[in-house]
file run37.json (JSON, N, CA and C atoms)
[["chain", "number", "residue", "atom", "x", "y", "z"],
["A", 1, "MET", "N", -56.69, 58.57, 23.13],
["A", 1, "MET", "CA", -55.81, 57.42, 22.97],
["A", 1, "MET", "C", -55.85, 56.96, 21.52],
["A", 2, "ASN", "N", -54.69, 56.90, 20.90],
["A", 2, "ASN", "CA", -54.62, 56.35, 19.56],
["A", 2, "ASN", "C", -54.71, 54.84, 19.63],
["A", 3, "ILE", "N", -53.93, 54.20, 18.81],
["A", 3, "ILE", "CA", -53.89, 52.74, 18.84],
["A", 3, "ILE", "C", -53.08, 52.30, 20.06],
["A", 4, "MET", "N", -53.63, 51.39, 20.82],
["A", 4, "MET", "CA", -52.95, 50.98, 22.05],
["A", 4, "MET", "C", -53.06, 49.48, 22.22],
["A", 5, "MET", "N", -51.99, 48.89, 22.66],
["A", 5, "MET", "CA", -52.00, 47.47, 22.97],
["A", 5, "MET", "C", -52.53, 47.32, 24.39],
["A", 6, "THR", "N", -53.77, 46.88, 24.48],
["A", 6, "THR", "CA", -54.42, 46.84, 25.80],
["A", 6, "THR", "C", -53.75, 45.86, 26.75],
["A", 7, "GLU", "N", -53.19, 44.77, 26.21],
["A", 7, "GLU", "CA", -52.52, 43.81, 27.09],
["A", 7, "GLU", "C", -51.33, 44.45, 27.79],
["A", 8, "LEU", "N", -50.54, 45.20, 27.04],
["A", 8, "LEU", "CA", -49.38, 45.86, 27.62],
["A", 8, "LEU", "C", -49.83, 46.93, 28.60],
["A", 9, "TYR", "N", -50.84, 47.69, 28.24],
["A", 9, "TYR", "CA", -51.35, 48.74, 29.11],
["A", 9, "TYR", "C", -51.84, 48.14, 30.43],
["A", 10, "ASP", "N", -52.61, 47.06, 30.33],
["A", 10, "ASP", "CA", -53.12, 46.41, 31.54],
["A", 10, "ASP", "C", -51.98, 45.86, 32.39],
["A", 11, "ALA", "N", -50.97, 45.28, 31.75],
["A", 11, "ALA", "CA", -49.83, 44.73, 32.49],
["A", 11, "ALA", "C", -49.06, 45.83, 33.20],
["A", 12, "LEU", "N", -48.85, 46.93, 32.51],
["A", 12, "LEU", "CA", -48.13, 48.04, 33.14],
["A", 12, "LEU", "C", -48.93, 48.64, 34.29],
["A", 13, "MET", "N", -50.23, 48.75, 34.11],
["A", 13, "MET", "CA", -51.07, 49.30, 35.17],
["A", 13, "MET", "C", -51.08, 48.36, 36.38],
["A", 14, "SER", "N", -51.15, 47.05, 36.13],
["A", 14, "SER", "CA", -51.16, 46.11, 37.26],
["A", 14, "SER", "C", -49.80, 46.04, 37.94],
["A", 15, "ALA", "N", -48.74, 46.42, 37.23],
["A", 15, "ALA", "CA", -47.40, 46.43, 37.83],
["A", 15, "ALA", "C", -47.17, 47.71, 38.62],
["A", 16, "GLY", "N", -48.12, 48.63, 38.55],
["A", 16, "GLY", "CA", -48.01, 49.84, 39.35],
["A", 16, "GLY", "C", -47.45, 51.03, 38.61],
["A", 17, "ALA", "N", -47.45, 51.02, 37.29],
["A", 17, "ALA", "CA", -46.94, 52.15, 36.52],
["A", 17, "ALA", "C", -47.96, 53.28, 36.52],
["A", 18, "ASP", "N", -47.46, 54.47, 36.28],
["A", 18, "ASP", "CA", -48.32, 55.64, 36.17],
["A", 18, "ASP", "C", -49.19, 55.48, 34.91],
["A", 19, "GLU", "N", -50.44, 55.96, 34.97],
["A", 19, "GLU", "CA", -51.36, 55.76, 33.84],
["A", 19, "GLU", "C", -50.85, 56.43, 32.57],
["A", 20, "ALA", "N", -50.34, 57.62, 32.68],
["A", 20, "ALA", "CA", -49.84, 58.34, 31.49],
["A", 20, "ALA", "C", -48.64, 57.61, 30.89],
["A", 21, "LYS", "N", -47.74, 57.15, 31.76],
["A", 21, "LYS", "CA", -46.57, 56.42, 31.26],
["A", 21, "LYS", "C", -46.99, 55.09, 30.62],
["A", 22, "ALA", "N", -47.93, 54.40, 31.23],
["A", 22, "ALA", "CA", -48.40, 53.13, 30.67],
["A", 22, "ALA", "C", -49.06, 53.36, 29.31],
["A", 23, "ARG", "N", -49.83, 54.44, 29.21],
["A", 23, "ARG", "CA", -50.50, 54.76, 27.95],
["A", 23, "ARG", "C", -49.47, 55.07, 26.86],
["A", 24, "ARG", "N", -48.46, 55.90, 27.19],
["A", 24, "ARG", "CA", -47.42, 56.25, 26.20],
["A", 24, "ARG", "C", -46.62, 55.02, 25.79],
["A", 25, "ALA", "N", -46.30, 54.16, 26.73],
["A", 25, "ALA", "CA", -45.53, 52.95, 26.41],
["A", 25, "ALA", "C", -46.34, 52.03, 25.51],
["A", 26, "ALA", "N", -47.64, 51.88, 25.80],
["A", 26, "ALA", "CA", -48.48, 51.01, 24.98],
["A", 26, "ALA", "C", -48.65, 51.59, 23.58],
["A", 27, "GLU", "N", -48.83, 52.91, 23.48],
["A", 27, "GLU", "CA", -48.96, 53.54, 22.16],
["A", 27, "GLU", "C", -47.67, 53.43, 21.37],
["A", 28, "SER", "N", -46.55, 53.59, 22.07],
["A", 28, "SER", "CA", -45.25, 53.47, 21.42],
["A", 28, "SER", "C", -45.05, 52.04, 20.88],
["A", 29, "MET", "N", -45.41, 51.07, 21.68],
["A", 29, "MET", "CA", -45.30, 49.68, 21.23],
["A", 29, "MET", "C", -46.22, 49.40, 20.05],
["A", 30, "ALA", "N", -47.42, 50.00, 20.08],
["A", 30, "ALA", "CA", -48.37, 49.79, 18.99],
["A", 30, "ALA", "C", -47.82, 50.39, 17.69],
["A", 31, "SER", "N", -47.24, 51.59, 17.77],
["A", 31, "SER", "CA", -46.70, 52.20, 16.56],
["A", 31, "SER", "C", -45.47, 51.43, 16.08],
["A", 32, "SER", "N", -44.66, 50.93, 17.02],
["A", 32, "SER", "CA", -43.50, 50.11, 16.63],
["A", 32, "SER", "C", -43.98, 48.83, 15.94],
["A", 33, "ASN", "N", -45.05, 48.26, 16.46],
["A", 33, "ASN", "CA", -45.60, 47.04, 15.86],
["A", 33, "ASN", "C", -46.08, 47.32, 14.44],
["A", 34, "GLN", "N", -46.73, 48.46, 14.24],
["A", 34, "GLN", "CA", -47.19, 48.81, 12.89],
["A", 34, "GLN", "C", -46.02, 49.01, 11.95],
["A", 35, "ASP", "N", -44.95, 49.67, 12.44],
["A", 35, "ASP", "CA", -43.76, 49.86, 11.62],
["A", 35, "ASP", "C", -43.15, 48.52, 11.22],
["A", 36, "MET", "N", -43.07, 47.61, 12.17],
["A", 36, "MET", "CA", -42.52, 46.29, 11.87],
["A", 36, "MET", "C", -43.38, 45.54, 10.87],
["A", 37, "GLU", "N", -44.70, 45.64, 11.02],
["A", 37, "GLU", "CA", -45.59, 44.98, 10.06],
["A", 37, "GLU", "C", -45.40, 45.55, 8.67],
["A", 38, "ARG", "N", -45.24, 46.89, 8.57],
["A", 38, "ARG", "CA", -44.98, 47.51, 7.27],
["A", 38, "ARG", "C", -43.67, 47.02, 6.67],
["A", 39, "LYS", "N", -42.65, 46.92, 7.51],
["A", 39, "LYS", "CA", -41.35, 46.45, 7.03],
["A", 39, "LYS", "C", -41.43, 44.99, 6.58],
["A", 40, "PHE", "N", -42.14, 44.16, 7.33],
["A", 40, "PHE", "CA", -42.30, 42.76, 6.93],
["A", 40, "PHE", "C", -43.08, 42.66, 5.63],
["A", 41, "THR", "N", -44.09, 43.51, 5.46],
["A", 41, "THR", "CA", -44.85, 43.51, 4.21],
["A", 41, "THR", "C", -43.95, 43.90, 3.04],
["A", 42, "ASP", "N", -43.13, 44.93, 3.26],
["A", 42, "ASP", "CA", -42.20, 45.34, 2.21],
["A", 42, "ASP", "C", -41.22, 44.23, 1.88],
["A", 43, "LEU", "N", -40.71, 43.57, 2.92],
["A", 43, "LEU", "CA", -39.77, 42.45, 2.69],
["A", 43, "LEU", "C", -40.45, 41.31, 1.94],
["A", 44, "ARG", "N", -41.70, 41.02, 2.29],
["A", 44, "ARG", "CA", -42.44, 39.96, 1.62],
["A", 44, "ARG", "C", -42.63, 40.31, 0.13],
["A", 45, "ASP", "N", -42.96, 41.58, -0.14],
["A", 45, "ASP", "CA", -43.12, 42.01, -1.53],
["A", 45, "ASP", "C", -41.80, 41.91, -2.29],
["A", 46, "ASP", "N", -40.70, 42.36, -1.65],
["A", 46, "ASP", "CA", -39.39, 42.27, -2.29],
["A", 46, "ASP", "C", -39.00, 40.82, -2.54],
["A", 47, "ASN", "N", -39.31, 39.95, -1.59],
["A", 47, "ASN", "CA", -39.02, 38.53, -1.73],
["A", 47, "ASN", "C", -39.76, 37.95, -2.93],
["A", 48, "GLN", "N", -41.03, 38.32, -3.07],
["A", 48, "GLN", "CA", -41.82, 37.82, -4.20],
["A", 48, "GLN", "C", -41.25, 38.32, -5.52],
["A", 49, "LYS", "N", -40.85, 39.58, -5.56],
["A", 49, "LYS", "CA", -40.24, 40.13, -6.79],
["A", 49, "LYS", "C", -38.96, 39.39, -7.13],
["A", 50, "MET", "N", -38.15, 39.11, -6.11],
["A", 50, "MET", "CA", -36.90, 38.39, -6.35],
["A", 50, "MET", "C", -37.16, 36.97, -6.85],
["A", 51, "ARG", "N", -38.20, 36.33, -6.32],
["A", 51, "ARG", "CA", -38.53, 34.98, -6.78],
["A", 51, "ARG", "C", -38.92, 34.99, -8.25],
["A", 52, "VAL", "N", -39.70, 35.98, -8.66],
["A", 52, "VAL", "CA", -40.11, 36.09, -10.06],
["A", 52, "VAL", "C", -38.89, 36.35, -10.93],
["A", 53, "GLU", "N", -38.02, 37.24, -10.48],
["A", 53, "GLU", "CA", -36.82, 37.57, -11.24],
["A", 53, "GLU", "C", -35.89, 36.36, -11.34],
["A", 54, "MET", "N", -35.75, 35.60, -10.25],
["A", 54, "MET", "CA", -34.90, 34.42, -10.27],
["A", 54, "MET", "C", -35.47, 33.33, -11.19],
["A", 55, "ALA", "N", -36.79, 33.20, -11.23],
["A", 55, "ALA", "CA", -37.40, 32.22, -12.13],
["A", 55, "ALA", "C", -37.12, 32.60, -13.58],
["A", 56, "LYS", "N", -37.18, 33.89, -13.88],
["A", 56, "LYS", "CA", -36.88, 34.34, -15.24],
["A", 56, "LYS", "C", -35.42, 34.07, -15.58],
["A", 57, "LEU", "N", -34.52, 34.38, -14.64],
["A", 57, "LEU", "CA", -33.10, 34.13, -14.87],
["A", 57, "LEU", "C", -32.82, 32.63, -15.02],
["A", 58, "ASN", "N", -33.54, 31.81, -14.28],
["A", 58, "ASN", "CA", -33.37, 30.37, -14.37],
["A", 58, "ASN", "C", -33.75, 29.89, -15.77],
["A", 59, "GLY", "N", -34.85, 30.42, -16.30],
["A", 59, "GLY", "CA", -35.26, 30.06, -17.66],
["A", 59, "GLY", "C", -34.23, 30.50, -18.69],
["A", 60, "ASP", "N", -33.70, 31.72, -18.52],
["A", 60, "ASP", "CA", -32.67, 32.21, -19.43],
["A", 60, "ASP", "C", -31.42, 31.34, -19.36],
["A", 61, "LEU", "N", -31.05, 30.95, -18.15],
["A", 61, "LEU", "CA", -29.86, 30.11, -17.97],
["A", 61, "LEU", "C", -30.05, 28.75, -18.64],
["A", 62, "ARG", "N", -31.25, 28.20, -18.52],
["A", 62, "ARG", "CA", -31.52, 26.91, -19.17],
["A", 62, "ARG", "C", -31.37, 27.01, -20.69],
["A", 63, "LEU", "N", -31.85, 28.11, -21.27],
["A", 63, "LEU", "CA", -31.70, 28.30, -22.71],
["A", 63, "LEU", "C", -30.23, 28.41, -23.10],
["A", 64, "GLU", "N", -29.46, 29.15, -22.32],
["A", 64, "GLU", "CA", -28.03, 29.28, -22.59],
["A", 64, "GLU", "C", -27.32, 27.93, -22.49],
["A", 65, "MET", "N", -27.68, 27.15, -21.49],
["A", 65, "MET", "CA", -27.06, 25.84, -21.30],
["A", 65, "MET", "C", -27.38, 24.90, -22.46],
["A", 66, "GLN", "N", -28.60, 24.97, -22.99],
["A", 66, "GLN", "CA", -28.95, 24.13, -24.13],
["A", 66, "GLN", "C", -28.08, 24.48, -25.33],
["A", 67, "GLY", "N", -27.86, 25.77, -25.55],
["A", 67, "GLY", "CA", -26.98, 26.20, -26.64],
["A", 67, "GLY", "C", -25.56, 25.71, -26.45],
["A", 68, "LEU", "N", -25.07, 25.80, -25.22],
["A", 68, "LEU", "CA", -23.70, 25.34, -24.94],
["A", 68, "LEU", "C", -23.57, 23.83, -25.11],
["A", 69, "ARG", "N", -24.60, 23.09, -24.74],
["A", 69, "ARG", "CA", -24.55, 21.63, -24.93],
["A", 69, "ARG", "C", -24.45, 21.29, -26.41],
["A", 70, "GLY", "N", -25.21, 22.02, -27.23],
["A", 70, "GLY", "CA", -25.13, 21.78, -28.68],
["A", 70, "GLY", "C", -23.75, 22.08, -29.22],
["A", 71, "GLU", "N", -23.17, 23.19, -28.77],
["A", 71, "GLU", "CA", -21.82, 23.54, -29.23],
["A", 71, "GLU", "C", -20.79, 22.52, -28.74],
["A", 72, "MET", "N", -20.95, 22.02, -27.52],
["A", 72, "MET", "CA", -20.03, 21.01, -27.01],
["A", 72, "MET", "C", -20.10, 19.72, -27.82],
["A", 73, "SER", "N", -21.31, 19.34, -28.22],
["A", 73, "SER", "CA", -21.45, 18.14, -29.05],
["A", 73, "SER", "C", -20.72, 18.32, -30.38],
["A", 74, "LEU", "N", -20.87, 19.49, -30.97],
["A", 74, "LEU", "CA", -20.18, 19.77, -32.23],
["A", 74, "LEU", "C", -18.67, 19.71, -32.04],
["A", 75, "ILE", "N", -18.16, 20.29, -30.96],
["A", 75, "ILE", "CA", -16.72, 20.28, -30.69],
["A", 75, "ILE", "C", -16.23, 18.85, -30.47],
["A", 76, "LYS", "N", -17.01, 18.03, -29.80],
["A", 76, "LYS", "CA", -16.63, 16.63, -29.60],
["A", 76, "LYS", "C", -16.51, 15.90, -30.93],
["A", 77, "TRP", "N", -17.46, 16.10, -31.82],
["A", 77, "TRP", "CA", -17.39, 15.46, -33.12],
["A", 77, "TRP", "C", -16.19, 15.96, -33.91],
["A", 78, "MET", "N", -15.94, 17.25, -33.86],
["A", 78, "MET", "CA", -14.79, 17.80, -34.59],
["A", 78, "MET", "C", -13.49, 17.23, -34.04],
["A", 79, "LEU", "N", -13.37, 17.11, -32.73],
["A", 79, "LEU", "CA", -12.17, 16.54, -32.12],
["A", 79, "LEU", "C", -12.01, 15.07, -32.51],
["A", 80, "GLY", "N", -13.12, 14.35, -32.52],
["A", 80, "GLY", "CA", -13.06, 12.94, -32.93],
["A", 80, "GLY", "C", -12.58, 12.78, -34.35],
["A", 81, "VAL", "N", -13.07, 13.64, -35.24],
["A", 81, "VAL", "CA", -12.64, 13.58, -36.65],
["A", 81, "VAL", "C", -11.16, 13.91, -36.75],
["A", 82, "LEU", "N", -10.71, 14.93, -36.03],
["A", 82, "LEU", "CA", -9.29, 15.30, -36.08],
["A", 82, "LEU", "C", -8.40, 14.19, -35.54],
["A", 83, "ILE", "N", -8.82, 13.54, -34.48],
["A", 83, "ILE", "CA", -8.04, 12.42, -33.94],
["A", 83, "ILE", "C", -7.98, 11.28, -34.95],
["A", 84, "ALA", "N", -9.13, 10.98, -35.57],
["A", 84, "ALA", "CA", -9.15, 9.91, -36.57],
["A", 84, "ALA", "C", -8.23, 10.24, -37.74],
["A", 85, "LEU", "N", -8.26, 11.49, -38.21],
["A", 85, "LEU", "CA", -7.37, 11.88, -39.31],
["A", 85, "LEU", "C", -5.90, 11.79, -38.88],
["A", 86, "GLY", "N", -5.61, 12.21, -37.63],
["A", 86, "GLY", "CA", -4.23, 12.13, -37.14],
["A", 86, "GLY", "C", -3.75, 10.69, -37.07],
["A", 87, "VAL", "N", -4.62, 9.80, -36.59],
["A", 87, "VAL", "CA", -4.26, 8.38, -36.53],
["A", 87, "VAL", "C", -4.08, 7.83, -37.93],
["A", 88, "ALA", "N", -4.94, 8.21, -38.88],
["A", 88, "ALA", "CA", -4.82, 7.73, -40.26],
["A", 88, "ALA", "C", -3.50, 8.19, -40.89],
["A", 89, "VAL", "N", -3.14, 9.43, -40.66],
["A", 89, "VAL", "CA", -1.87, 9.94, -41.21],
["A", 89, "VAL", "C", -0.71, 9.21, -40.55],
["A", 90, "PHE", "N", -0.77, 9.01, -39.25],
["A", 90, "PHE", "CA", 0.29, 8.31, -38.55],
["A", 90, "PHE", "C", 0.46, 6.88, -39.07],
["A", 91, "LEU", "N", -0.67, 6.18, -39.24],
["A", 91, "LEU", "CA", -0.61, 4.81, -39.75],
["A", 91, "LEU", "C", -0.08, 4.76, -41.17],
["A", 92, "ARG", "N", -0.46, 5.73, -41.99],
["A", 92, "ARG", "CA", 0.01, 5.76, -43.37],
["A", 92, "ARG", "C", 1.52, 5.97, -43.41],
["A", 93, "VAL", "N", 2.01, 6.90, -42.58],
["A", 93, "VAL", "CA", 3.44, 7.16, -42.53],
["A", 93, "VAL", "C", 4.17, 5.94, -41.97],
["A", 94, "LEU", "N", 3.60, 5.30, -40.99],
["A", 94, "LEU", "CA", 4.25, 4.17, -40.32],
["A", 94, "LEU", "C", 4.35, 2.96, -41.25],
["A", 95, "PHE", "N", 3.29, 2.67, -42.03],
["A", 95, "PHE", "CA", 3.27, 1.46, -42.84],
["A", 95, "PHE", "C", 3.61, 1.69, -44.30],
["A", 96, "LEU", "N", 3.87, 2.86, -44.73],
["A", 96, "LEU", "CA", 4.23, 3.07, -46.14],
["A", 96, "LEU", "C", 5.58, 3.60, -46.33]]
call {"tool": "encode", "arguments": {"input": "run37.json", "output": "structure tokens"}}
result
Amino acid sequence: MNIMMTELYDALMSAGADEAKARRAAESMASSNQDMERKFTDLRDDNQKMRVEMAKLNGDLRLEMQGLRGEMSLIKWMLGVLIALGVAVFLRVLFL
């Protein structure tokens, strides 16, 4: 007998199953359980890798946003100066 889930084996035996069939079913369930545990472990590892990658991308995005905020401030000042010059030219034309 390889790895066997004794609870399942005992339940099948008490339900009246054949011993060989109960043994194969329990071993099959045990191997399926191991496969699922391996898959969950792989998923957990992938999840951790993605979290690290997302944290790095988040930091990169924050740096990009800081640069864009600086550029937006410069554009706001330039627009303000252009509006002021336009108003000055308009007033000069209007009153002279």
call {"tool": "atom_distance", "arguments": {"input": "run37.json", "atom1": "atom N of A:Met78", "atom2": "atom CA of A:Asp60"}}
result
26.7 Å
call {"tool": "residues_around", "arguments": {"input": "run37.json", "residues": "A:Leu8", "least_positions_apart": "2", "cutoff": "12 Å", "atoms": "only C-alpha atoms", "output": "list of chain:residue names"}}
result
A:Met4, A:Met5, A:Thr6, A:Asp10, A:Ala11, A:Leu12, A:Met13, A:Ser14, A:Ala15, A:Ala17, A:Glu19, A:Lys21, A:Ala22, A:Arg23, A:Arg24, A:Ala25, A:Ala26, A:Glu27, A:Ser28, A:Met29, A:Ala30
call {"tool": "atom_distance", "arguments": {"input": "run37.json", "atom1": "atom C of A:Glu37", "atom2": "atom C of A:Lys49"}}
result
18.1 Å
call {"tool": "axis_aligned_box", "arguments": {"input": "run37.json", "around": "stretch 7-15 of chain A", "padding_each_side": "6 Å", "output": "AutoDock Vina command-line options"}}
result
--center_x -50.2 --center_y 46.6 --center_z 32.4 --size_x 18.0 --size_y 17.5 --size_z 24.4
call {"tool": "atom_distance", "arguments": {"input": "run37.json", "atom1": "atom CA of A:Val81", "atom2": "atom CA of A:Leu96"}}
result
22.0 Å
